[in-house]
Structures are given as C-alpha cells and as structure tokens.
Amino acid sequence: MWEVAKRAGVSHQTVSRFLKNDSGMKPATRARIERAVAELDYRPNLMARSMRTQRSHRITIVLPELSGFVPIPLLRGASAAAHEAGYMTDVVGLEGGESRRARSVLSLLETRQADGVLSLVPLGDLAGGQGVGQQPVVVLGEYDDNLQSRGRLADGRPAEEILRHLADQGHRRFLHVAGSQDWASARNRRAVYVEAVERLGLTSYGVVDGDWSVRSGYEAARDLPADSGVTAVLAANDYVALGVLRGFQDRGTRVPEEMSVFGWDDEEFTRYFSPSISTVHINKEEVGRQSMLSLLALLRGEPEPEAEVTDLFHLVPRGSSGPAPR
C-alpha cells in the first residue's frame with residue numbers, strides 16, 4: 001500500500017480510502033491510484049485485513065437447497081452493489097425449512113464466515129436485521145420457501161396494462177393461458193385478467209389452465225377452435241408464450257397479422273425468437289440492489305435507505321403483437 005501511495009503521489013491513508021470504495025474521493029485522485037495499482041499489480045491481502053478488522057469482507061446470499069429456479073437478475077443486482085462497497089458475495093443453498101436455515105445462517109455468522117446475510121427465502125424469526133453482534137441479516141420477503149414469487153414480484157396488475165395496450169390496437173376478444181395455480185403470481189395474473197376484461201368492456205373466450213410450460217402454451221394454441229374469434233393471447237410467462245407462438249405457427253396462423261401474443265418476464269430468448277416476443281419486464285436487478293443496500297447500511301450502522309423500485313414493471317411490445325386483424 002505504501003508503494004502504491006508513493007507511485008500515485010498520495011498518502012497511504014488515501015490509498016486505504018480508495019480500497020474501501022470511498023465515494024467522496026476526487027476523480028483525478030482515484031484515477032492516479034487506479035493507474036498505480038495496475039502498474040504495480042497490487043492485490044490487497046484480504047486474510048491479513050480480516051485478521052486486523054475481524055471482518056471477512058464477504059456477504060452470504062441464501063437460496064433454498066437445490067432450487068430449480070434461480071433469480072439471476074436479482075442476484076446480479078445484489079452482487080453488484082456488494083462489490084461496489086468492497087465485499088465479495090457467496091451464494092449458498094441451505095437445506096431444510098425456515099428454522100433449520102436460520103440455524104445454518106447463525107452458524108455462518110458465529111464462525112465469521114460472513115459479515116452479513118441477504119436471504120431470498122424466509123428464515124423464521126431471524127429477520128429484521130437481527131444477526132450476531134454487528135453481523136446483520138436481511139430477508140428479502142419476495143419469495144417463499146420454494147422461491148415462488150410473492151409480494152411485489154407476484155403483482156398481477158400489469159395484466160390490465162397488457163389488455164389496455166392491445167385494446168388500443170383494436171383487439172376485443174382474448175384468451176389467457178394461465179400458470180400453475182400453486183403460485184401466487186399465476187393466481188394474481190389470472191384474477192386481474194378476468195376482472196380487467198369485464199371492467200374494460202372486452203370479451204374473454206376463456207382461461208386455459210397451464211403449468212408454466214412451453215407444452216401448455218402449444219396445446220392451448222393447437223386446440224383453440226378456428227371460429228373462436230380470439231385475436232390476442234395473454235400467456236402467463238414467456239415460456240408459455242413461446243409454446244403459443246409455436247402452436248399457431250404449426251397450424252398456419254400468422255403472428256402478429258392474425259393473432260397477437262404477449263408473454264411475461266422478459267426472458268433473454270424473447271428477443272431472438274421469430275417473431276420476437278412481446279412481454280413484461282420486471283426490474284429484478286434493482287430489487288436485488290436495493291435489498292443489498294439495506295444490508296450494507298446495517299453493516300455501517302446507518303439508517304436503511306428508503307428508496308423503492310418505482311418502475312418495477314413495464315411492457316415491452318415486440319414483434320409478436322400488433323393491430324387486430326380486420
């Protein structure tokens with residue numbers, strides 16, 4: 001650190017501030033230190049720093065064991081916020097229910113393997129910032145034990161926005177291919193769809209019970225009678241929408257000229273399918289970032305930030321939807 005300071009023409013205290021990601025540092029000073037660090041190939045000795053500070057400079061993000069679903073955008077946002085603050089992140093899957101996971105988290109903290117924990121799943125009574133000493137725990141609260149979304153992430157109101165958007169393009173008769181009703185998000189999307197169709201003076205041909213799968217969407221499109229009058233399909237997620245599209249293509253129905261299709265979740269493949277799939281984007285990265293910022297504030301002994309994600313959902317119309325056929 002002294003060598004870096006000498007090369008950059010600053011004090012070693014300034015280099016220490018740089019390594020702690022001090023946001024108040026002048027850009028010119030930061031640039032000189034970055035150049036000196038690169039030229040000297042300097043790497044902080046994290047083990048020595050941990051011994052001195054009694055901190056691991058690591059944050060653990062908790063998932064359930066062997067989950068079939070991993071919210072990558074949320075993890076990306078949380079990890080980025082941690083890295084900007086000088087922390088490494090470890091993502092771990094903990095087996096058992098809430099109580100067992102809570103005991104595992106306490107063990108992690110007691111053995112100083114983590115300075116704090118961000119859990120995406122419930123931890124029983126271990127929440128509200130309570131951890132071990134100065135090692136806080138934040139529970140996201142947006143997922144249940146099986147990482148099924150609830151709370152803000154399960155909000156079904158964008159279904160009405162989709163209907164309004166398509167109605168503005170002349171569509172009047174719709175079909176909804178629902179997700180598994182074991183999920184709050186699927187139930188909410190279905191309920192909003194049914195209520196909004198009536199409120200907006202539109203017509204629903206019906207709701208097909210699906211299971212989030214491509215197959216359920218394909219079968220719904222394949223089995224839709226030719227005289228149904230449906231001109232737009234609202235799919236429960238992008239995988240269902242993919243199946244709907246493929247089903248219509250196989251039966252010779254042109255999308256979007258004869259049928260519009262809307263998905264949900266803005267999965268990456270939706271941009272590259274032909275036609276590209278209209279969908280609902282969920283700003284999960286910002287949810288993860290805000291959650292990590294709350295944990296970092298507790299680590300510093302600061303008030304938790306009050307900022308919330310105001311643009312959590314927004315529609316992304318693409319090639320699979322368009323004006324109703326004449």
# chains A, B, ... in the order shown; residues from 1 in each chain; ligands from 1
>>> select_by_dssp(residues="segment 28-254 of chain A", states="strand (DSSP E)", output="PyMOL selection string")
chain A and resi 58-64+88-94+116-119+137-139+173-177+203-208+232-235
>>> residues_around(residues="Pro325 of chain A", least_positions_apart="6", cutoff="9 Å", atoms="only C-alpha atoms", output="PyMOL selection string")
chain A and resi 170-171+231+256-259
>>> closest_residue(among="A:Tyr205, A:Ala102, A:Ala178, A:Arg157", to="Arg190 of chain A", atoms="only C-alpha atoms")
A:Ala178
>>> select_by_dssp(residues="segment 20-179 of chain A", states="alpha helix (DSSP H)", output="PyMOL selection string")
chain A and resi 27-40+46-53+72-84+98-110+158-168
>>> atom_distance(atom1="atom CA of Val92 of chain A", atom2="atom CA of Ile61 of chain A")
6.3 Å
>>> residues_around(residues="Lys284 of chain A", least_positions_apart="6", cutoff="9 Å", atoms="only C-alpha atoms", output="VMD selection string")
chain A and resid 71 to 77 153 312
>>> write_last_selection(atoms="all heavy atoms", output="JSON list (two decimals), in the first residue's frame")
[["chain", "number", "residue", "atom", "x", "y", "z"],
["A", 71, "PRO", "N", -33.12, -16.74, -9.42],
["A", 71, "PRO", "CA", -33.40, -15.40, -9.96],
["A", 71, "PRO", "C", -32.10, -14.66, -10.29],
["A", 71, "PRO", "O", -31.64, -13.81, -9.53],
["A", 71, "PRO", "CB", -34.17, -14.72, -8.82],
["A", 71, "PRO", "CG", -33.66, -15.38, -7.58],
["A", 71, "PRO", "CD", -33.36, -16.80, -7.95],
["A", 72, "ILE", "N", -31.53, -14.98, -11.43],
["A", 72, "ILE", "CA", -30.23, -14.44, -11.82],
["A", 72, "ILE", "C", -30.20, -12.90, -11.84],
["A", 72, "ILE", "O", -29.26, -12.30, -11.30],
["A", 72, "ILE", "CB", -29.79, -14.99, -13.19],
["A", 72, "ILE", "CG1", -29.62, -16.52, -13.12],
["A", 72, "ILE", "CG2", -28.50, -14.33, -13.66],
["A", 72, "ILE", "CD1", -28.55, -16.97, -12.15],
["A", 73, "PRO", "N", -31.20, -12.21, -12.44],
["A", 73, "PRO", "CA", -31.13, -10.74, -12.43],
["A", 73, "PRO", "C", -31.08, -10.16, -11.02],
["A", 73, "PRO", "O", -30.34, -9.20, -10.76],
["A", 73, "PRO", "CB", -32.41, -10.33, -13.16],
["A", 73, "PRO", "CG", -32.75, -11.50, -14.01],
["A", 73, "PRO", "CD", -32.35, -12.70, -13.21],
["A", 74, "LEU", "N", -31.85, -10.73, -10.09],
["A", 74, "LEU", "CA", -31.85, -10.24, -8.72],
["A", 74, "LEU", "C", -30.49, -10.45, -8.07],
["A", 74, "LEU", "O", -29.95, -9.55, -7.42],
["A", 74, "LEU", "CB", -32.96, -10.94, -7.93],
["A", 74, "LEU", "CG", -33.36, -10.31, -6.60],
["A", 74, "LEU", "CD1", -34.83, -10.59, -6.31],
["A", 74, "LEU", "CD2", -32.50, -10.84, -5.47],
["A", 75, "LEU", "N", -29.91, -11.63, -8.28],
["A", 75, "LEU", "CA", -28.58, -11.90, -7.73],
["A", 75, "LEU", "C", -27.54, -10.98, -8.34],
["A", 75, "LEU", "O", -26.61, -10.53, -7.66],
["A", 75, "LEU", "CB", -28.19, -13.36, -8.00],
["A", 75, "LEU", "CG", -28.98, -14.43, -7.24],
["A", 75, "LEU", "CD1", -28.53, -15.81, -7.67],
["A", 75, "LEU", "CD2", -28.82, -14.27, -5.74],
["A", 76, "ARG", "N", -27.68, -10.69, -9.63],
["A", 76, "ARG", "CA", -26.74, -9.80, -10.31],
["A", 76, "ARG", "C", -26.77, -8.40, -9.69],
["A", 76, "ARG", "O", -25.73, -7.79, -9.44],
["A", 76, "ARG", "CB", -27.05, -9.75, -11.80],
["A", 76, "ARG", "CG", -26.03, -8.98, -12.62],
["A", 76, "ARG", "CD", -26.16, -9.30, -14.09],
["A", 76, "ARG", "NE", -27.52, -9.13, -14.58],
["A", 76, "ARG", "CZ", -28.22, -10.07, -15.18],
["A", 76, "ARG", "NH1", -27.73, -11.27, -15.37],
["A", 76, "ARG", "NH2", -29.45, -9.84, -15.62],
["A", 77, "GLY", "N", -27.97, -7.89, -9.42],
["A", 77, "GLY", "CA", -28.10, -6.57, -8.83],
["A", 77, "GLY", "C", -27.55, -6.52, -7.42],
["A", 77, "GLY", "O", -26.86, -5.57, -7.03],
["A", 153, "LEU", "N", -43.26, -8.96, -6.43],
["A", 153, "LEU", "CA", -42.92, -9.68, -7.65],
["A", 153, "LEU", "C", -44.09, -10.51, -8.19],
["A", 153, "LEU", "O", -44.07, -10.93, -9.34],
["A", 153, "LEU", "CB", -41.71, -10.60, -7.39],
["A", 153, "LEU", "CG", -40.41, -9.89, -7.04],
["A", 153, "LEU", "CD1", -39.28, -10.91, -6.85],
["A", 153, "LEU", "CD2", -40.02, -8.88, -8.11],
["A", 312, "LEU", "N", -41.07, -1.04, -11.29],
["A", 312, "LEU", "CA", -40.83, -2.48, -11.17],
["A", 312, "LEU", "C", -41.26, -3.23, -12.43],
["A", 312, "LEU", "O", -40.58, -4.16, -12.88],
["A", 312, "LEU", "CB", -41.57, -3.03, -9.95],
["A", 312, "LEU", "CG", -41.37, -4.51, -9.64],
["A", 312, "LEU", "CD1", -39.90, -4.84, -9.46],
["A", 312, "LEU", "CD2", -42.15, -4.91, -8.39]]
>>> closest_residue(among="A:Glu285, A:Gly156, A:Ser204, A:Leu315", to="Ala236 of chain A", atoms="only C-alpha atoms")
A:Gly156
>>> residues_around(residues="segment 104-106 of chain A", least_positions_apart="2", cutoff="9 Å", atoms="only C-alpha atoms", output="PyMOL selection string")
chain A and resi 60+62+94-95+99-102+108-111+117+123+126+131-132+137
>>> residues_around(residues="segment 26-28 of chain A", least_positions_apart="6", cutoff="12 Å", atoms="only C-alpha atoms", output="ChimeraX atom specification")
/A:8-10,14,17-18,34-35
>>> atom_distance(atom1="atom CA of Ala5 of chain A", atom2="atom CA of Arg30 of chain A")
11.4 Å
>>> closest_residue(among="A:Arg326, A:Arg289, A:Arg112, A:Arg58", to="Ser79 of chain A", atoms="only C-alpha atoms")
A:Arg289
>>> closest_residue(among="A:Ala220, A:Gly201, A:Ile59, A:Phe69", to="His83 of chain A", atoms="only C-alpha atoms")
A:Ile59
>>> residues_around(residues="Thr279 of chain A", least_positions_apart="4", cutoff="6 Å", atoms="only C-alpha atoms", output="ChimeraX atom specification")
/A:262-264,266,316
>>> atom_distance(atom1="atom CA of Val37 of chain A", atom2="atom CA of Asp90 of chain A")
25.5 Å
